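**Student:** One structure, pasted below without further comment.
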Amino acid sequence: MSHKFLHTESPAWVAEGLITEAQRQQLLARYPPDAVPAVGLLPLLGSLLVALSALSVVAANWAALPPVARLALLLSSLVGAYAGGHYFVQRGNRTLGRGLVGLGLMLFGVSIILVSQTYQLVGYDASGLLAWVVAGVALAYAHRSRMLAALTVLIGAVVQTYCTQALGSYSYATAALLAGGLGYFWWRRPDGLLSTVLSAGLLWQAALWVGVSHAKITWFFVPAMLVYAAGDWQANRPAGRAAQGPPLIAAYLFALGLALFGETDAYADLLRPPVLAYLGALGAVLALSVAGKKQRGRLDTLPDWLLLLPGFYLPGGLPLAIATLVVLYAHAGSVLLRAHRAGDADQLTLGTVLFVGATMVAYFKLTWAFLDKSLFFLLGGVLLLGLSWYLRRRNARVLAAAGAPGAAPGPARPTE
């Protein structure tokens, strides 16, 4: 918990009788201020700028250096970054130390590429770059650093992109290291930012696999929803929901695309995999997700799966548009209902945005063809103004009920 948050909010808790002043002081003592303030980032940023300056000088004169000098320069830079990082970590300055270790990790990848160019080592596999990912995973565990883990996710994305675009192959070892190695790291050390970065990185790995294997693009949602199911099983609720964000965004955008552009059966060759195989795989992931929700007491989020209904098996045109719009409205309604029950203002805002988005799609999709343009925009403006008034009024009522003195408390929100 943030010391700044406690320091700001706890006087109101004392005034409302939720805690005593002594308990407030105990909470402030239990959650002290961060040991490294924001100014502690200045040495890290300064070291990065100095390193970039040195690298630019070296890059400008790289061709004039003999191979031995190039190798010595790379090795000395690499050892210097790692040694400096270890020194500062041991001295207690973890921000600067881990920043230097991260710089060393980046230099390690650059060294692999430059040594290959210098000695004309032509490779037709990703074994050299795979060592870069292995080093990143090892350093993340060695330093127990979420920053290094997130950096390794980005490195894995670069390596996999190179493999698929330049080599025409897929590095399953890279994907396994990210999903298994960093997935376990995330499981043991959950964090909101790392959850989002790792989830997005795994979705990128899945998208590249679909592309290089020339599979139907809807197969992307099987591994994507596996990431979502992992969030259901994560005991840390904020980290679990953060991991589920990228898969849900991808599913929502896909459903939105179906509602807007699923006009004809021309998409069938791209979207329709074999029915039994696809539904069987997605059903297995759904069962895993439901089990996790039940285990963690989160069955109220089950309507998230509405976005994965396989409406693309329907004929294109109006039937598909209407079916997809029904799904979008049902999903938005489930978010609003969940937010109303929990008194969650953020979820209430999200549900409102989703509802307005579905309404806009329905309006443009179903009325553009048979309304005069002036009448079309007039009715659209009136509709949006009416929706805005209604939703703002409803939002105000919910928040007022949640914060009213003496109001019955709503269901307890998870604090895992």
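Residue numbering restarts at 1 in every chain; chains get A, B, ... in the order shown in the structure tokens, and ligands count up from 1 in that same order.
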Which residues are near Ala330 (chain A)? Cut-off 10 Å, only C-alpha atoms, ignore same chain within fewer than 6 positions. Put them as a PyMOL selection string.

**Tutor:** chain A and resi 303-304+306-307+324+336+355+358

**Student:** Based on the backbone DSSP call, show me all residues of region 184-398 of chain A assigned alpha helix (DSSP H), as a PDB file with C-alpha atoms, in the first residue's frame.

**Tutor:**
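Result went into states30.pdb, see below:
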ATOM      1  CA  TYR A 184       6.227 -18.318 -13.254  1.00  0.00           C
ATOM      2  CA  PHE A 185       8.118 -15.168 -12.205  1.00  0.00           C
ATOM      3  CA  TRP A 186       4.879 -13.179 -12.580  1.00  0.00           C
ATOM      4  CA  TRP A 187       2.938 -15.837 -10.687  1.00  0.00           C
ATOM      5  CA  ARG A 188       5.291 -15.609  -7.715  1.00  0.00           C
ATOM      6  CA  GLY A 192       0.185  -4.645 -12.337  1.00  0.00           C
ATOM      7  CA  LEU A 193       2.655  -3.192 -14.840  1.00  0.00           C
ATOM      8  CA  LEU A 194       4.484  -6.479 -15.378  1.00  0.00           C
ATOM      9  CA  SER A 195       1.107  -8.211 -15.803  1.00  0.00           C
ATOM     10  CA  THR A 196       0.132  -5.880 -18.629  1.00  0.00           C
ATOM     11  CA  VAL A 197       3.539  -6.025 -20.346  1.00  0.00           C
ATOM     12  CA  LEU A 198       3.793  -9.821 -20.111  1.00  0.00           C
ATOM     13  CA  SER A 199       0.212 -10.321 -21.274  1.00  0.00           C
ATOM     14  CA  ALA A 200       0.688  -8.005 -24.269  1.00  0.00           C
ATOM     15  CA  GLY A 201       4.012  -9.687 -25.063  1.00  0.00           C
ATOM     16  CA  LEU A 202       2.454 -13.149 -25.068  1.00  0.00           C
ATOM     17  CA  LEU A 203      -0.355 -11.925 -27.312  1.00  0.00           C
ATOM     18  CA  TRP A 204       2.286 -10.606 -29.719  1.00  0.00           C
ATOM     19  CA  GLN A 205       3.938 -14.024 -29.689  1.00  0.00           C
ATOM     20  CA  ALA A 206       0.570 -15.631 -30.469  1.00  0.00           C
ATOM     21  CA  ALA A 207      -0.133 -13.174 -33.302  1.00  0.00           C
ATOM     22  CA  LEU A 208       3.256 -13.900 -34.895  1.00  0.00           C
ATOM     23  CA  TRP A 209       2.591 -17.651 -34.639  1.00  0.00           C
ATOM     24  CA  VAL A 210      -0.735 -17.238 -36.442  1.00  0.00           C
ATOM     25  CA  GLY A 211       0.974 -15.205 -39.141  1.00  0.00           C
ATOM     26  CA  VAL A 212       3.921 -17.505 -39.774  1.00  0.00           C
ATOM     27  CA  SER A 213       1.813 -20.682 -39.674  1.00  0.00           C
ATOM     28  CA  PHE A 221      -7.838 -16.286 -29.261  1.00  0.00           C
ATOM     29  CA  VAL A 222      -7.006 -19.751 -27.921  1.00  0.00           C
ATOM     30  CA  PRO A 223      -3.578 -18.730 -26.508  1.00  0.00           C
ATOM     31  CA  ALA A 224      -4.897 -15.224 -25.819  1.00  0.00           C
ATOM     32  CA  MET A 225      -7.653 -16.585 -23.589  1.00  0.00           C
ATOM     33  CA  LEU A 226      -5.164 -18.919 -21.932  1.00  0.00           C
ATOM     34  CA  VAL A 227      -3.468 -15.739 -20.721  1.00  0.00           C
ATOM     35  CA  TYR A 228      -6.891 -14.520 -19.574  1.00  0.00           C
ATOM     36  CA  ALA A 229      -7.490 -17.801 -17.709  1.00  0.00           C
ATOM     37  CA  ALA A 230      -4.118 -17.427 -15.960  1.00  0.00           C
ATOM     38  CA  GLY A 231      -5.405 -14.108 -14.634  1.00  0.00           C
ATOM     39  CA  ASP A 232      -8.425 -15.930 -13.193  1.00  0.00           C
ATOM     40  CA  TRP A 233      -6.151 -18.227 -11.198  1.00  0.00           C
ATOM     41  CA  ARG A 237      -6.649  -9.625  -7.915  1.00  0.00           C
ATOM     42  CA  PRO A 238      -5.180  -6.376  -9.364  1.00  0.00           C
ATOM     43  CA  ALA A 239      -2.394  -8.300 -11.103  1.00  0.00           C
ATOM     44  CA  GLY A 240      -4.869 -10.843 -12.452  1.00  0.00           C
ATOM     45  CA  ARG A 241      -7.156  -8.204 -13.924  1.00  0.00           C
ATOM     46  CA  ALA A 242      -4.182  -6.354 -15.399  1.00  0.00           C
ATOM     47  CA  ALA A 243      -3.135  -9.551 -17.183  1.00  0.00           C
ATOM     48  CA  GLN A 244      -6.665  -9.977 -18.522  1.00  0.00           C
ATOM     49  CA  GLY A 245      -6.775  -6.479 -19.988  1.00  0.00           C
ATOM     50  CA  PRO A 246      -4.934  -7.100 -23.299  1.00  0.00           C
ATOM     51  CA  PRO A 247      -6.904 -10.289 -24.180  1.00  0.00           C
ATOM     52  CA  LEU A 248     -10.198  -8.542 -23.454  1.00  0.00           C
ATOM     53  CA  ILE A 249      -9.199  -5.514 -25.530  1.00  0.00           C
ATOM     54  CA  ALA A 250      -8.259  -7.811 -28.418  1.00  0.00           C
ATOM     55  CA  ALA A 251     -11.565  -9.706 -28.138  1.00  0.00           C
ATOM     56  CA  TYR A 252     -13.584  -6.484 -27.981  1.00  0.00           C
ATOM     57  CA  LEU A 253     -11.837  -4.993 -31.025  1.00  0.00           C
ATOM     58  CA  PHE A 254     -12.438  -8.233 -32.919  1.00  0.00           C
ATOM     59  CA  ALA A 255     -16.150  -8.173 -32.067  1.00  0.00           C
ATOM     60  CA  LEU A 256     -16.300  -4.508 -33.028  1.00  0.00           C
ATOM     61  CA  GLY A 257     -14.685  -5.331 -36.352  1.00  0.00           C
ATOM     62  CA  LEU A 258     -17.254  -8.042 -37.011  1.00  0.00           C
ATOM     63  CA  ALA A 259     -20.083  -5.617 -36.308  1.00  0.00           C
ATOM     64  CA  LEU A 260     -18.626  -2.988 -38.619  1.00  0.00           C
ATOM     65  CA  PHE A 261     -17.068  -4.964 -41.471  1.00  0.00           C
ATOM     66  CA  ALA A 268     -14.868 -16.867 -44.119  1.00  0.00           C
ATOM     67  CA  ASP A 269     -11.483 -18.001 -45.448  1.00  0.00           C
ATOM     68  CA  LEU A 270      -9.734 -15.905 -42.809  1.00  0.00           C
ATOM     69  CA  LEU A 271     -11.948 -16.431 -39.749  1.00  0.00           C
ATOM     70  CA  VAL A 275     -15.711 -26.042 -36.043  1.00  0.00           C
ATOM     71  CA  LEU A 276     -15.032 -29.031 -33.786  1.00  0.00           C
ATOM     72  CA  ALA A 277     -11.321 -28.372 -33.385  1.00  0.00           C
ATOM     73  CA  TYR A 278     -11.713 -24.660 -32.684  1.00  0.00           C
ATOM     74  CA  LEU A 279     -14.711 -24.898 -30.363  1.00  0.00           C
ATOM     75  CA  GLY A 280     -13.130 -27.834 -28.552  1.00  0.00           C
ATOM     76  CA  ALA A 281      -9.903 -25.912 -27.896  1.00  0.00           C
ATOM     77  CA  LEU A 282     -11.720 -22.734 -26.891  1.00  0.00           C
ATOM     78  CA  GLY A 283     -14.119 -24.750 -24.723  1.00  0.00           C
ATOM     79  CA  ALA A 284     -11.198 -26.312 -22.864  1.00  0.00           C
ATOM     80  CA  VAL A 285      -9.781 -22.857 -22.136  1.00  0.00           C
ATOM     81  CA  LEU A 286     -13.244 -21.692 -21.027  1.00  0.00           C
ATOM     82  CA  ALA A 287     -13.483 -24.611 -18.584  1.00  0.00           C
ATOM     83  CA  LEU A 288     -10.068 -23.690 -17.166  1.00  0.00           C
ATOM     84  CA  SER A 289     -11.160 -20.067 -16.802  1.00  0.00           C
ATOM     85  CA  VAL A 290     -14.452 -20.992 -15.086  1.00  0.00           C
ATOM     86  CA  ALA A 291     -12.598 -23.251 -12.650  1.00  0.00           C
ATOM     87  CA  GLY A 292     -10.245 -20.381 -11.773  1.00  0.00           C
ATOM     88  CA  LYS A 293     -13.111 -17.947 -11.317  1.00  0.00           C
ATOM     89  CA  LYS A 294     -14.909 -20.393  -9.055  1.00  0.00           C
ATOM     90  CA  GLN A 295     -11.754 -21.082  -7.054  1.00  0.00           C
ATOM     91  CA  ARG A 296     -11.071 -17.360  -6.510  1.00  0.00           C
ATOM     92  CA  LEU A 318     -27.309  -8.035 -41.261  1.00  0.00           C
ATOM     93  CA  PRO A 319     -27.572 -11.313 -39.252  1.00  0.00           C
ATOM     94  CA  LEU A 320     -23.929 -11.087 -38.242  1.00  0.00           C
ATOM     95  CA  ALA A 321     -24.151  -7.368 -37.447  1.00  0.00           C
ATOM     96  CA  ILE A 322     -27.220  -7.802 -35.236  1.00  0.00           C
ATOM     97  CA  ALA A 323     -25.787 -10.840 -33.432  1.00  0.00           C
ATOM     98  CA  THR A 324     -22.510  -9.037 -32.732  1.00  0.00           C
ATOM     99  CA  LEU A 325     -24.304  -5.921 -31.511  1.00  0.00           C
ATOM    100  CA  VAL A 326     -26.367  -8.032 -29.117  1.00  0.00           C
ATOM    101  CA  VAL A 327     -23.108  -9.456 -27.757  1.00  0.00           C
ATOM    102  CA  LEU A 328     -21.575  -5.987 -27.368  1.00  0.00           C
ATOM    103  CA  TYR A 329     -24.658  -4.712 -25.520  1.00  0.00           C
ATOM    104  CA  ALA A 330     -24.766  -7.784 -23.275  1.00  0.00           C
ATOM    105  CA  HIS A 331     -21.091  -7.378 -22.398  1.00  0.00           C
ATOM    106  CA  ALA A 332     -21.484  -3.658 -21.658  1.00  0.00           C
ATOM    107  CA  GLY A 333     -24.537  -4.418 -19.522  1.00  0.00           C
ATOM    108  CA  SER A 334     -22.626  -7.041 -17.539  1.00  0.00           C
ATOM    109  CA  VAL A 335     -19.841  -4.543 -16.804  1.00  0.00           C
ATOM    110  CA  LEU A 336     -22.384  -1.930 -15.666  1.00  0.00           C
ATOM    111  CA  LEU A 337     -24.195  -4.447 -13.469  1.00  0.00           C
ATOM    112  CA  ARG A 338     -20.953  -5.622 -11.879  1.00  0.00           C
ATOM    113  CA  ALA A 339     -19.876  -2.025 -11.271  1.00  0.00           C
ATOM    114  CA  HIS A 340     -23.254  -1.160  -9.749  1.00  0.00           C
ATOM    115  CA  ARG A 341     -23.088  -4.080  -7.320  1.00  0.00           C
ATOM    116  CA  ALA A 342     -19.509  -3.323  -6.260  1.00  0.00           C
ATOM    117  CA  ALA A 345     -16.639   4.076 -10.180  1.00  0.00           C
ATOM    118  CA  ASP A 346     -13.887   3.025 -12.617  1.00  0.00           C
ATOM    119  CA  GLN A 347     -15.822  -0.008 -13.814  1.00  0.00           C
ATOM    120  CA  LEU A 348     -18.962   2.118 -14.037  1.00  0.00           C
ATOM    121  CA  THR A 349     -17.148   4.531 -16.347  1.00  0.00           C
ATOM    122  CA  LEU A 350     -15.811   1.638 -18.431  1.00  0.00           C
ATOM    123  CA  GLY A 351     -19.272   0.108 -18.751  1.00  0.00           C
ATOM    124  CA  THR A 352     -20.681   3.462 -19.801  1.00  0.00           C
ATOM    125  CA  VAL A 353     -18.031   3.857 -22.502  1.00  0.00           C
ATOM    126  CA  LEU A 354     -18.688   0.330 -23.784  1.00  0.00           C
ATOM    127  CA  PHE A 355     -22.436   0.955 -23.857  1.00  0.00           C
ATOM    128  CA  VAL A 356     -22.063   4.229 -25.747  1.00  0.00           C
ATOM    129  CA  GLY A 357     -19.622   2.558 -28.164  1.00  0.00           C
ATOM    130  CA  ALA A 358     -22.075  -0.251 -28.914  1.00  0.00           C
ATOM    131  CA  THR A 359     -24.850   2.297 -29.409  1.00  0.00           C
ATOM    132  CA  MET A 360     -22.738   4.295 -31.849  1.00  0.00           C
ATOM    133  CA  VAL A 361     -21.918   1.162 -33.854  1.00  0.00           C
ATOM    134  CA  ALA A 362     -25.590   0.156 -33.929  1.00  0.00           C
ATOM    135  CA  TYR A 363     -26.667   3.615 -34.993  1.00  0.00           C
ATOM    136  CA  PHE A 364     -24.157   3.958 -37.822  1.00  0.00           C
ATOM    137  CA  LYS A 365     -24.561   0.355 -38.923  1.00  0.00           C
ATOM    138  CA  LEU A 366     -28.336   0.074 -38.966  1.00  0.00           C
ATOM    139  CA  THR A 367     -29.529   3.554 -39.925  1.00  0.00           C
ATOM    140  CA  LYS A 373     -27.887  12.495 -43.880  1.00  0.00           C
ATOM    141  CA  SER A 374     -29.215  15.601 -42.107  1.00  0.00           C
ATOM    142  CA  LEU A 375     -31.833  13.578 -40.239  1.00  0.00           C
ATOM    143  CA  PHE A 376     -29.219  10.910 -39.548  1.00  0.00           C
ATOM    144  CA  PHE A 377     -26.885  13.338 -37.781  1.00  0.00           C
ATOM    145  CA  LEU A 378     -29.733  15.148 -36.015  1.00  0.00           C
ATOM    146  CA  LEU A 379     -31.101  11.933 -34.524  1.00  0.00           C
ATOM    147  CA  GLY A 380     -27.582  10.812 -33.683  1.00  0.00           C
ATOM    148  CA  GLY A 381     -26.874  13.996 -31.771  1.00  0.00           C
ATOM    149  CA  VAL A 382     -30.147  13.783 -29.880  1.00  0.00           C
ATOM    150  CA  LEU A 383     -29.504  10.139 -29.066  1.00  0.00           C
ATOM    151  CA  LEU A 384     -26.025  10.818 -27.722  1.00  0.00           C
ATOM    152  CA  LEU A 385     -27.175  13.774 -25.667  1.00  0.00           C
ATOM    153  CA  GLY A 386     -29.967  11.666 -24.202  1.00  0.00           C
ATOM    154  CA  LEU A 387     -27.605   8.820 -23.433  1.00  0.00           C
ATOM    155  CA  SER A 388     -25.136  11.210 -21.853  1.00  0.00           C
ATOM    156  CA  TRP A 389     -27.808  12.720 -19.615  1.00  0.00           C
ATOM    157  CA  TYR A 390     -29.181   9.331 -18.568  1.00  0.00           C
ATOM    158  CA  LEU A 391     -25.816   7.707 -17.875  1.00  0.00           C
ATOM    159  CA  ARG A 392     -24.427  10.709 -15.987  1.00  0.00           C
ATOM    160  CA  ARG A 393     -27.576  10.789 -13.846  1.00  0.00           C
ATOM    161  CA  ARG A 394     -27.335   7.061 -13.189  1.00  0.00           C
ATOM    162  CA  ASN A 395     -23.639   7.365 -12.411  1.00  0.00           C
ATOM    163  CA  ALA A 396     -24.292  10.169  -9.925  1.00  0.00           C
ATOM    164  CA  ARG A 397     -27.009   8.125  -8.203  1.00  0.00           C
ATOM    165  CA  VAL A 398     -24.758   5.093  -7.823  1.00  0.00           C
TER     166      VAL A 398
END

**Student:** Could you give me, as number ranges by chain, the residues within 10 Å of Gly109 (chain A), counting only C-alpha atoms and dropping anything in the same chain fewer than 6 positions from it?

**Tutor:** A: 128-133, 135-136, 155, 159

**Student:** Ser171 (chain A): which residues within 9 Å, counting only C-alpha atoms, same-chain residues fewer than 3 positions away excluded, as a PyMOL selection string?

**Tutor:** chain A and resi 125-126+130+159-160+163-164+174-176

**Student:** Which of these residues is nearest to Ala235 (chain A), using only C-alpha atoms: A:Gly297, A:Leu107, A:Gly17, A:Leu314?

**Tutor:**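 Comparing A:Gly297, A:Leu107, A:Gly17, A:Leu314 against Ala235 (chain A), the winner is A:Gly297.
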
**Student:** Counting only C-alpha atoms, what is within 12 Å of Ala63 (chain A), bar same-chain residues fewer than 6 positions away, as a PDB file with N, CA and C atoms, in the first residue's frame?

**Tutor:**
ATOM      1  N   VAL A  57      29.449   7.890 -30.203  1.00  0.00           N
ATOM      2  CA  VAL A  57      30.832   8.133 -30.646  1.00  0.00           C
ATOM      3  C   VAL A  57      31.432   6.867 -31.232  1.00  0.00           C
ATOM      4  N   ALA A  69      39.888  -4.564 -31.477  1.00  0.00           N
ATOM      5  CA  ALA A  69      39.473  -3.414 -30.676  1.00  0.00           C
ATOM      6  C   ALA A  69      37.955  -3.405 -30.492  1.00  0.00           C
ATOM      7  N   ARG A  70      37.247  -3.783 -31.536  1.00  0.00           N
ATOM      8  CA  ARG A  70      35.780  -3.841 -31.427  1.00  0.00           C
ATOM      9  C   ARG A  70      35.367  -4.840 -30.350  1.00  0.00           C
ATOM     10  N   LEU A 114      26.712  -7.351 -33.312  1.00  0.00           N
ATOM     11  CA  LEU A 114      27.921  -6.734 -33.860  1.00  0.00           C
ATOM     12  C   LEU A 114      29.044  -7.737 -34.041  1.00  0.00           C
ATOM     13  N   GLN A 117      28.372  -9.571 -37.182  1.00  0.00           N
ATOM     14  CA  GLN A 117      28.711  -8.776 -38.363  1.00  0.00           C
ATOM     15  C   GLN A 117      30.221  -8.651 -38.543  1.00  0.00           C
ATOM     16  N   THR A 118      30.941  -8.449 -37.422  1.00  0.00           N
ATOM     17  CA  THR A 118      32.382  -8.239 -37.511  1.00  0.00           C
ATOM     18  C   THR A 118      33.103  -9.464 -38.064  1.00  0.00           C
TER      19      THR A 118
END

**Student:** Between A:Val14, A:Leu154, A:Leu148, A:Leu65, which has the minimum distance to Leu103 (chain A) (counting only C-alpha atoms)?

**Tutor:**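 Selected residue with least distance to Leu103 (chain A): A:Leu148.
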